[in-house]
$ cat final.cif   # mmCIF, C-alpha atoms
data_target
loop_
_atom_site.label_atom_id
_atom_site.label_comp_id
_atom_site.auth_asym_id
_atom_site.auth_seq_id
_atom_site.Cartn_x
_atom_site.Cartn_y
_atom_site.Cartn_z
CA MET A 230 -17.99 -21.11 -96.73
CA LYS A 231 -17.48 -17.41 -96.08
CA LEU A 232 -18.48 -15.77 -92.83
CA SER A 233 -19.80 -12.25 -92.61
CA ARG A 234 -17.90 -9.73 -90.47
CA ARG A 235 -20.52 -10.18 -87.73
CA GLY A 236 -20.29 -13.98 -88.07
CA ARG A 237 -16.49 -13.88 -87.84
CA LYS A 238 -16.68 -11.80 -84.64
CA SER A 239 -19.23 -14.20 -83.14
CA PHE A 240 -17.11 -17.21 -84.08
CA LEU A 241 -13.95 -15.68 -82.61
CA ALA A 242 -15.79 -14.77 -79.41
CA GLN A 243 -17.10 -18.33 -79.01
CA LEU A 244 -13.64 -19.73 -79.75
CA SER A 245 -12.10 -17.46 -77.10
CA ILE A 246 -14.67 -18.59 -74.53
CA LEU A 247 -13.95 -22.24 -75.39
CA VAL A 248 -10.18 -21.79 -75.08
CA LEU A 249 -10.64 -19.88 -71.81
CA GLY A 250 -12.88 -22.65 -70.45
CA ILE A 251 -10.37 -25.37 -71.39
CA THR A 252 -7.50 -23.39 -69.87
CA THR A 253 -9.43 -22.77 -66.67
CA ALA A 254 -10.37 -26.44 -66.37
CA GLN A 255 -6.77 -27.50 -66.95
CA TYR A 256 -5.60 -25.00 -64.32
CA GLN A 257 -8.10 -26.33 -61.79
CA VAL A 258 -7.02 -29.92 -62.44
CA ALA A 259 -3.35 -28.95 -62.13
CA LEU A 260 -4.07 -27.04 -58.92
CA ALA A 261 -5.87 -30.06 -57.44
CA GLU A 262 -2.98 -32.33 -58.41
CA THR A 263 -0.33 -30.05 -56.86
CA GLN A 264 -2.32 -29.30 -53.72
CA PRO A 265 -0.76 -31.36 -50.93
CA GLU A 266 -2.87 -34.03 -49.30
CA ARG A 267 -4.00 -32.93 -45.86
CA PHE A 268 -5.35 -34.91 -42.97
CA TRP A 269 -7.33 -33.59 -40.01
CA LEU A 270 -8.33 -35.01 -36.65
CA ALA A 271 -12.04 -35.73 -36.34
CA GLY A 272 -13.88 -36.64 -33.17
CA ARG A 273 -17.32 -38.03 -32.45
CA TYR A 274 -19.64 -35.09 -31.78
CA ASP A 275 -22.85 -37.07 -31.31
CA GLY A 276 -24.65 -40.05 -32.83
CA ASN A 277 -24.14 -39.10 -36.50
CA ARG A 278 -21.75 -36.14 -36.58
CA VAL A 279 -18.03 -35.51 -36.17
CA ILE A 280 -16.24 -32.33 -35.15
CA VAL A 281 -13.13 -31.18 -37.01
CA TYR A 282 -10.87 -28.14 -36.79
CA PHE A 283 -9.28 -27.36 -40.14
CA ASP A 284 -6.92 -24.55 -39.17
CA ALA A 285 -5.33 -22.85 -36.20
CA VAL A 286 -6.00 -19.10 -36.14
CA LYS A 287 -5.70 -16.00 -33.98
CA PHE A 288 -8.99 -14.19 -33.37
CA ASN A 289 -7.32 -11.34 -31.49
CA GLY A 290 -10.54 -10.60 -29.64
CA THR A 291 -12.72 -10.35 -32.76
CA LEU A 292 -14.81 -13.51 -32.26
CA PRO A 293 -18.43 -12.26 -32.12
CA SER A 294 -19.73 -12.22 -28.55
CA ASP A 295 -23.13 -13.47 -29.73
CA ALA A 296 -21.68 -16.64 -31.33
CA HIS A 297 -24.07 -19.48 -30.55
CA LYS A 298 -22.68 -21.81 -27.88
CA LEU A 299 -23.01 -25.46 -28.91
CA ALA A 300 -23.32 -28.60 -26.85
CA LEU A 301 -20.01 -30.19 -25.87
CA PRO A 302 -18.78 -33.01 -28.12
CA VAL A 303 -19.08 -36.59 -26.86
CA VAL A 304 -15.31 -36.95 -27.26
CA THR A 305 -12.93 -34.87 -25.16
CA GLY A 306 -10.05 -32.83 -26.55
CA PHE A 307 -12.07 -30.70 -28.99
CA PHE A 308 -12.72 -27.81 -26.61
CA GLU A 309 -16.02 -25.92 -26.39
CA PRO A 310 -17.23 -25.08 -29.91
CA VAL A 311 -19.36 -22.07 -30.78
CA GLN A 312 -21.16 -21.21 -34.01
CA PRO A 313 -20.42 -17.68 -35.27
CA PRO A 314 -21.87 -16.25 -38.48
CA GLU A 315 -20.74 -18.14 -41.58
CA GLY A 316 -19.15 -15.02 -43.03
CA TYR A 317 -16.88 -14.66 -40.02
CA ILE A 318 -15.47 -18.16 -40.50
CA VAL A 319 -14.94 -17.56 -44.21
CA GLN A 320 -13.00 -14.35 -43.62
CA MET A 321 -10.68 -16.20 -41.23
CA GLN A 322 -9.59 -18.59 -44.01
CA LYS A 323 -6.47 -16.60 -44.85
CA GLY A 324 -3.03 -17.53 -46.05
CA SER A 325 -1.81 -19.84 -48.79
CA GLY A 326 -2.13 -22.92 -46.62
CA ALA A 327 -5.63 -22.26 -45.29
CA GLU A 328 -8.40 -24.73 -46.03
CA HIS A 329 -11.29 -23.04 -47.85
CA PHE A 330 -14.34 -24.90 -46.56
CA ARG A 331 -18.01 -23.99 -46.84
CA LEU A 332 -21.36 -25.31 -45.70
CA GLY A 333 -22.42 -28.26 -47.86
CA ASP A 334 -18.86 -29.28 -48.81
CA HIS A 335 -18.08 -33.00 -48.85
CA TYR A 336 -15.08 -34.63 -47.15
CA ASP A 337 -13.93 -38.22 -46.68
CA LEU A 338 -13.93 -39.69 -43.18
CA ILE A 339 -11.56 -42.62 -42.67
CA SER A 340 -13.48 -44.85 -40.29
CA ASP A 341 -13.25 -48.43 -39.04
CA GLU A 342 -12.01 -51.24 -41.27
CA GLY A 343 -10.60 -48.74 -43.78
CA HIS A 344 -14.10 -47.63 -44.72
CA ILE A 345 -14.38 -44.21 -46.36
CA ALA A 346 -17.55 -42.33 -45.40
CA ILE A 347 -18.52 -39.21 -47.35
CA VAL A 348 -19.58 -36.57 -44.84
CA THR A 349 -21.23 -33.18 -45.39
CA LEU A 350 -20.29 -29.99 -43.55
CA THR A 351 -23.51 -28.90 -41.84
CA ALA A 352 -22.29 -26.24 -39.38
CA LEU A 353 -19.25 -23.95 -39.30
CA ILE A 354 -17.69 -23.60 -35.86
CA ALA A 355 -14.90 -21.99 -33.90
CA CYS A 356 -13.27 -22.33 -30.52
CA GLU A 357 -11.29 -19.65 -28.74
CA THR A 358 -8.57 -20.71 -26.33
CA ASP A 359 -6.34 -18.50 -24.21
CA GLU A 360 -4.42 -16.71 -26.97
CA GLY A 361 -2.86 -14.41 -24.38
CA VAL A 362 -0.48 -17.15 -23.22
CA GLY A 363 0.37 -18.24 -26.77
CA ASN A 364 -2.35 -20.77 -27.50
CA ASP A 365 -4.00 -21.07 -30.91
CA SER A 366 -7.71 -20.79 -31.53
CA PHE A 367 -9.35 -22.95 -34.20
CA ILE A 368 -11.94 -22.84 -36.98
CA GLY A 369 -13.70 -25.89 -38.34
CA ALA A 370 -17.03 -27.59 -38.83
CA LEU A 371 -19.49 -30.23 -37.78
CA ALA A 372 -19.85 -32.90 -40.47
CA THR A 373 -22.79 -35.28 -40.79
CA LEU A 374 -22.52 -38.93 -41.85
CA ASN A 375 -24.98 -40.69 -44.13
CA ASP A 376 -27.18 -43.28 -42.47
CA ASN A 377 -25.59 -46.15 -44.42
CA ASP A 378 -22.16 -45.30 -42.93
CA LEU A 379 -23.24 -45.35 -39.28
CA GLY A 380 -22.37 -49.04 -38.95
CA TYR A 381 -18.69 -48.06 -39.27
CA PHE A 382 -19.03 -45.23 -36.73
CA ARG A 383 -17.94 -47.12 -33.62
CA LYS A 384 -14.97 -45.22 -32.18
CA ASN A 385 -14.43 -41.69 -30.90
CA HIS A 386 -11.41 -40.61 -32.96
CA TYR A 387 -11.12 -40.53 -36.76
CA VAL A 388 -9.29 -38.82 -39.62
CA LEU A 389 -10.78 -36.53 -42.27
CA GLN A 390 -9.39 -35.72 -45.72
CA ARG A 391 -10.57 -33.92 -48.84
CA HIS A 392 -13.19 -35.79 -50.85
CA ASN A 393 -11.86 -37.78 -53.78
CA ASP A 394 -14.18 -39.70 -56.10
CA GLU A 395 -11.41 -41.97 -57.38
CA ARG A 396 -10.39 -42.95 -53.85
CA GLN A 397 -14.01 -43.70 -53.03
CA LYS A 398 -14.25 -46.05 -56.01
CA ALA A 399 -11.01 -47.77 -55.01
CA VAL A 400 -12.31 -48.66 -51.55
CA SER A 401 -15.87 -49.48 -52.58
CA PRO A 402 -17.10 -52.96 -51.55
CA LYS A 403 -15.36 -55.75 -53.43
CA THR A 404 -16.33 -59.36 -53.99
CA GLU A 405 -13.57 -60.52 -51.63
CA PHE A 406 -13.82 -59.10 -48.10
CA PRO A 407 -10.32 -58.15 -46.81
CA THR A 408 -9.10 -60.10 -43.80
CA VAL A 409 -6.39 -57.61 -42.77
CA TRP A 410 -6.56 -53.84 -42.65
CA VAL A 411 -4.95 -50.99 -40.74
CA ARG A 412 -6.74 -50.80 -37.41
CA LEU A 413 -6.59 -50.61 -33.66
CA GLU A 414 -7.41 -54.12 -32.49
CA SER A 415 -10.43 -54.50 -30.23
CA GLU A 416 -9.47 -57.96 -28.95
CA PRO A 417 -7.24 -58.17 -25.84
CA VAL A 418 -3.59 -59.13 -26.31
CA GLU A 419 -2.78 -62.72 -25.32
CA PHE A 420 -1.86 -63.12 -21.65
CA GLY A 421 1.56 -64.62 -22.40
CA THR A 422 2.46 -61.67 -24.62
CA GLN A 423 1.24 -59.26 -21.98
CA THR A 424 3.49 -60.91 -19.39
CA GLN A 425 6.52 -60.55 -21.67
CA ILE A 426 5.74 -56.89 -22.32
CA VAL A 427 5.34 -56.10 -18.61
CA ALA A 428 8.78 -57.62 -18.03
CA LEU A 429 10.26 -55.45 -20.80
CA LEU A 430 8.81 -52.25 -19.37
CA SER A 431 9.84 -53.17 -15.81
CA ASP A 432 13.40 -53.69 -17.02
CA ARG A 433 13.36 -50.26 -18.66
CA MET A 434 12.04 -48.65 -15.48
CA ARG A 435 14.87 -50.17 -13.44
CA ALA A 436 17.44 -49.04 -16.02
CA LEU A 437 16.15 -45.47 -16.45
CA ALA A 438 14.68 -44.45 -13.10
CA THR A 439 16.66 -42.68 -10.42
CA ASP A 440 17.42 -44.56 -7.21
CA ALA A 441 14.57 -42.77 -5.41
CA GLN A 442 12.10 -43.43 -8.24
CA ARG A 443 13.12 -47.08 -8.43
CA ARG A 444 12.70 -47.60 -4.68
CA ARG A 445 9.22 -46.08 -4.80
CA ALA A 446 8.23 -48.08 -7.88
CA GLU A 447 9.45 -51.44 -6.61
CA ARG A 448 7.13 -51.24 -3.62
CA THR A 449 4.12 -51.74 -5.92
CA SER A 450 3.14 -53.69 -9.02
CA PRO A 451 2.65 -51.59 -12.16
CA LEU A 452 -0.73 -50.75 -13.63
CA PHE A 453 -0.48 -51.93 -17.23
CA GLN A 454 -2.22 -51.27 -20.54
CA VAL A 455 -1.38 -52.68 -23.98
CA SER A 456 -3.08 -52.21 -27.36
CA GLY A 457 -2.44 -54.20 -30.50
CA PHE A 458 -2.68 -52.59 -33.93
CA ARG A 459 -1.90 -53.38 -37.55
CA VAL A 460 0.20 -51.18 -39.80
CA ALA A 461 -0.12 -50.75 -43.55
CA ASP A 462 1.79 -53.93 -44.46
CA GLY A 463 -0.56 -56.00 -42.28
CA THR A 464 1.93 -56.78 -39.50
CA VAL A 465 1.10 -56.41 -35.82
CA ARG A 466 2.56 -53.84 -33.44
CA TYR A 467 1.83 -53.05 -29.79
CA TYR A 468 1.72 -49.86 -27.80
CA ALA A 469 2.09 -50.45 -24.06
CA ARG A 470 2.04 -48.26 -20.95
CA ALA A 471 2.97 -49.05 -17.36
CA PHE A 472 2.45 -46.87 -14.28
CA TRP A 473 3.91 -47.38 -10.83
CA LYS A 474 1.66 -45.79 -8.18
CA PRO A 475 2.74 -44.65 -4.68
CA GLU A 476 1.35 -46.97 -2.02
CA LYS A 477 -0.49 -44.17 -0.20
CA ASP A 478 -1.67 -42.14 -3.22
CA LEU A 479 -3.04 -44.25 -6.06
CA ASP A 480 -4.26 -41.15 -7.89
CA ARG A 481 -0.67 -40.31 -8.85
CA SER A 482 2.15 -42.10 -10.65
CA SER A 483 5.70 -42.10 -9.35
CA TYR A 484 7.01 -43.50 -12.62
CA ALA A 485 5.61 -44.27 -16.07
CA VAL A 486 6.88 -45.95 -19.24
CA GLY A 487 5.35 -46.08 -22.74
CA ALA A 488 6.77 -48.14 -25.59
CA TRP A 489 6.17 -49.20 -29.20
CA ILE A 490 6.78 -52.93 -29.51
CA ALA A 491 7.14 -55.51 -32.28
CA PRO A 492 6.11 -59.13 -31.51
CA LEU A 493 8.61 -61.14 -33.57
CA PRO A 494 10.79 -63.10 -33.15
CA THR A 495 9.95 -62.27 -29.51
CA PRO A 496 8.39 -59.05 -28.17
CA HIS A 497 11.01 -56.29 -28.28
CA ILE A 498 10.91 -52.52 -27.85
CA LEU A 499 11.20 -50.41 -31.01
CA ALA A 500 11.00 -47.00 -29.34
CA LEU A 501 10.28 -45.48 -25.93
CA GLU A 502 7.94 -42.56 -25.34
CA LYS A 503 8.92 -39.48 -23.40
CA ARG A 504 7.20 -39.30 -20.02
CA THR A 505 6.13 -36.05 -18.39
CA CYS A 506 5.98 -35.66 -14.65
CA GLY A 507 4.61 -33.05 -12.33
CA TYR A 508 5.88 -31.76 -9.01
CA GLU A 509 8.68 -33.84 -7.46
CA ASP A 510 8.42 -36.48 -10.19
CA PHE A 511 4.87 -37.43 -9.27
CA GLU A 512 1.86 -37.59 -11.58
CA CYS A 513 3.99 -39.07 -14.38
CA VAL A 514 2.13 -39.66 -17.65
CA VAL A 515 2.89 -41.05 -21.11
CA PRO A 516 0.85 -40.66 -24.33
CA ASN A 517 -2.34 -42.65 -24.83
CA LEU A 518 -3.12 -44.35 -28.18
CA ARG A 519 -6.68 -43.57 -29.32
CA ASN A 520 -6.95 -44.97 -32.85
CA VAL A 521 -5.00 -46.25 -35.85
CA VAL A 522 -6.08 -45.47 -39.44
CA ASP A 523 -5.03 -46.12 -43.03
CA LEU A 524 -3.68 -42.95 -44.66
CA GLY A 525 -3.22 -44.63 -48.04
CA ASP A 526 -0.01 -45.09 -50.06
CA GLY A 527 1.30 -47.55 -47.47
CA LYS A 528 1.12 -45.05 -44.61
CA THR A 529 -0.30 -45.67 -41.15
CA GLY A 530 -1.76 -42.87 -39.04
CA ILE A 531 -1.97 -42.90 -35.25
CA ILE A 532 -4.04 -40.65 -32.99
CA VAL A 533 -2.64 -40.06 -29.50
CA ASP A 534 -3.46 -37.77 -26.63
CA ILE A 535 -0.79 -36.30 -24.41
CA SER A 536 -1.55 -34.61 -21.11
CA GLY A 537 0.49 -33.01 -18.37
CA ASP A 538 0.40 -30.41 -15.64
CA ASP A 539 0.79 -27.52 -18.08
CA GLY A 540 -1.47 -28.57 -20.94
CA ALA A 541 -2.85 -31.29 -23.20
CA SER A 542 -2.99 -32.07 -26.90
CA LEU A 543 -4.54 -34.50 -29.35
CA ASP A 544 -2.11 -35.38 -32.15
CA LEU A 545 -2.31 -37.11 -35.52
CA LEU A 546 1.01 -38.57 -36.69
CA GLU A 547 2.37 -40.89 -39.36
CA TYR A 548 3.57 -44.02 -37.56
CA ARG A 549 7.12 -45.23 -38.20
CA ASP A 550 8.89 -48.24 -36.67
CA GLY A 551 11.78 -47.26 -34.43
CA ALA A 552 10.55 -43.70 -33.87
CA ASN A 553 8.85 -42.11 -30.90
CA LEU A 554 6.27 -39.35 -31.24
CA THR A 555 8.85 -36.57 -31.33
CA GLN A 556 10.45 -38.25 -34.37
CA MET A 557 7.29 -39.10 -36.32
CA HIS A 558 5.78 -36.77 -38.93
CA LYS A 559 3.06 -34.73 -37.22
CA LEU A 560 0.04 -34.11 -39.46
CA GLN A 561 -2.09 -32.09 -37.03
CA SER A 562 -2.17 -31.17 -33.37
CA ILE A 563 -5.03 -29.70 -31.34
CA GLY A 564 -4.10 -28.55 -27.89
CA ALA A 565 -3.57 -25.82 -25.35
CA GLY A 566 -1.13 -25.13 -22.55
CA GLU A 567 -0.81 -22.81 -19.61
#

$ encode --input "final.cif" --output "structure tokens"
Amino acid sequence: MKLSRRGRKSFLAQLSILVLGITTAQYQVALAETQPERFWLAGRYDGNRVIVYFDAVKFNGTLPSDAHKLALPVVTGFFEPVQPPEGYIVQMQKGSGAEHFRLGDHYDLISDEGHIAIVTLTALIACETDEGVGNDSFIGALATLNDNDLGYFRKNHYVLQRHNDERQKAVSPKTEFPTVWVRLESEPVEFGTQTQIVALLSDRMRALATDAQRRRAERTSPLFQVSGFRVADGTVRYYARAFWKPEKDLDRSSYAVGAWIAPLPTPHILALEKRTCGYEDFECVVPNLRNVVDLGDGKTGIIVDISGDDGASLDLLEYRDGANLTQMHKLQSIGAGE
């Protein structure tokens, strides 16, 4: 069959469009495959929404003064969000590593029991901290859960990642309900185990404290907190904190210890956490464990908050046996200091 000159031009044009479309599609797939997986902290905003900050930015005084002030989130640590015009948020998404998010986009929320909830961005937000002293400001969104996912919405701290249909299929309900998953245990640790852990932390206090700190601490019994959690291979770990309070000022701590602990063959310390103390070694604090989540690929994520006299932060890290927070891979941090 012979084509006329006009027919040949039309055929070549259609072929060019087809090749261009295939090339563009292949490029988009390749770009998605090479784009690194990112994880973001998400906190309960209200009964069916979470708040997330995708990127740290510098507004340099340009945040619109008429940005709508929103209600404070239920969870602390996510500042005071405002809602500027959508275009302002979009123009702040600069740089090769910036997340390009829009209203209506879908993301995956890693919630309790390894459940993946697809959430929809329903408001673009910002928060401006004191950039003058070196703090970052943040841009992000409020994301709304579907009604059928609210049964898994029981904690205050979660992790968000880009939506992935294949991942959603992989974690969809199966005929056999899993008995073990990455999680922060809600049941209290057995009393005998607690007693052993208190003894471990007391020994560390006596070994690490100065003579003055030890004398103050030994006048009182420690206030103690321990949380059990499961890592990606299903085994149990503990995070424990102990505080020794001055006899005449129970609002302050004269010494504090935090530790990551394995239970077998007997409870033993894997790593100690750095403590921060205020004036004259009082008001000592150690990080607080807020949640534990499954990051996939055999990785366990932990959410901790760290506070001190000069600032506070909420951090998402990849847990690793034998490492403290300064040695773990930090995935995101939201915080401000003086």

$ closest_residue --input "final.cif" --among "A:Asn520, A:Gln561, A:Thr555, A:Asn277" --to "Asn377 (chain A)" --atoms "all atoms listed in the file"
A:Asn277

$ resolve_selection --input "final.cif" --expression "the PyMOL selection byres ((chain A and resi 363) around 10)" --output "number ranges by chain"
A: 287, 358-362, 364-366, 565-567

$ atom_distance --input "final.cif" --atom1 "CA of Val522 (chain A)" --atom2 "CA of His386 (chain A)"
9.7 Å

$ residues_around --input "final.cif" --residues "region 501-507 of chain A" --least-positions-apart "2" --cutoff "10 Å" --atoms "all atoms listed in the file" --output "PyMOL selection string"
chain A and resi 430+433+468-470+481-490+498-499+509-516+535-539+551-555

$ atom_distance --input "final.cif" --atom1 "CA of Ser340 (chain A)" --atom2 "CA of Asn517 (chain A)"
19.2 Å

$ resolve_selection --input "final.cif" --expression "the PyMOL selection byres ((chain A and resi 336) around 6)" --output "list in words"
His335, Asp337, Ile347, Val348, Gln390, Arg391 and His392 of chain A

$ resolve_selection --input "final.cif" --expression "the PyMOL selection byres ((chain A and resi 458) around 6)" --output "PyMOL selection string"
chain A and resi 412-414+457+459+465-466

$ atom_distance --input "final.cif" --atom1 "CA of Asp534 (chain A)" --atom2 "CA of Leu371 (chain A)"
20.9 Å

$ closest_residue --input "final.cif" --among "A:Cys356, A:Glu447, A:Pro494, A:Asp523" --to "Asp341 (chain A)" --atoms "only C-alpha atoms"
A:Asp523

$ closest_residue --input "final.cif" --among "A:Leu353, A:His497, A:Lys528, A:Leu389" --to "Gly272 (chain A)" --atoms "all atoms listed in the file"
A:Leu389

$ decode --input "final.cif" --residues "region 524-535 of chain A" --atoms "N, CA and C atoms" --output "short mmCIF file (atom, residue, chain, number, x, y, z; two decimals), in the first residue's frame"
data_model
loop_
_atom_site.label_atom_id
_atom_site.label_comp_id
_atom_site.auth_asym_id
_atom_site.auth_seq_id
_atom_site.Cartn_x
_atom_site.Cartn_y
_atom_site.Cartn_z
N LEU A 524 9.25 0.24 58.61
CA LEU A 524 9.66 1.02 57.44
C LEU A 524 9.79 0.16 56.18
N GLY A 525 9.57 -1.14 56.31
CA GLY A 525 9.72 -2.03 55.17
C GLY A 525 11.16 -2.44 54.97
N ASP A 526 11.39 -3.47 54.16
CA ASP A 526 12.73 -3.96 53.85
C ASP A 526 13.51 -4.32 55.11
N GLY A 527 12.82 -4.81 56.13
CA GLY A 527 13.50 -5.23 57.34
C GLY A 527 13.98 -4.10 58.23
N LYS A 528 13.45 -2.91 58.04
CA LYS A 528 13.89 -1.75 58.82
C LYS A 528 12.82 -1.33 59.82
N THR A 529 13.28 -0.92 61.00
CA THR A 529 12.40 -0.48 62.06
C THR A 529 12.61 1.01 62.31
N GLY A 530 11.51 1.76 62.34
CA GLY A 530 11.59 3.19 62.62
C GLY A 530 11.15 3.49 64.03
N ILE A 531 11.83 4.44 64.68
CA ILE A 531 11.42 4.88 66.01
C ILE A 531 11.20 6.39 65.98
N ILE A 532 10.21 6.83 66.75
CA ILE A 532 9.91 8.25 66.88
C ILE A 532 10.18 8.64 68.33
N VAL A 533 11.06 9.61 68.53
CA VAL A 533 11.43 10.04 69.89
C VAL A 533 11.32 11.55 69.98
N ASP A 534 11.05 12.03 71.18
CA ASP A 534 11.15 13.47 71.40
C ASP A 534 12.25 13.74 72.41
N ILE A 535 12.95 14.83 72.18
CA ILE A 535 14.09 15.21 72.99
C ILE A 535 13.89 16.66 73.40
#
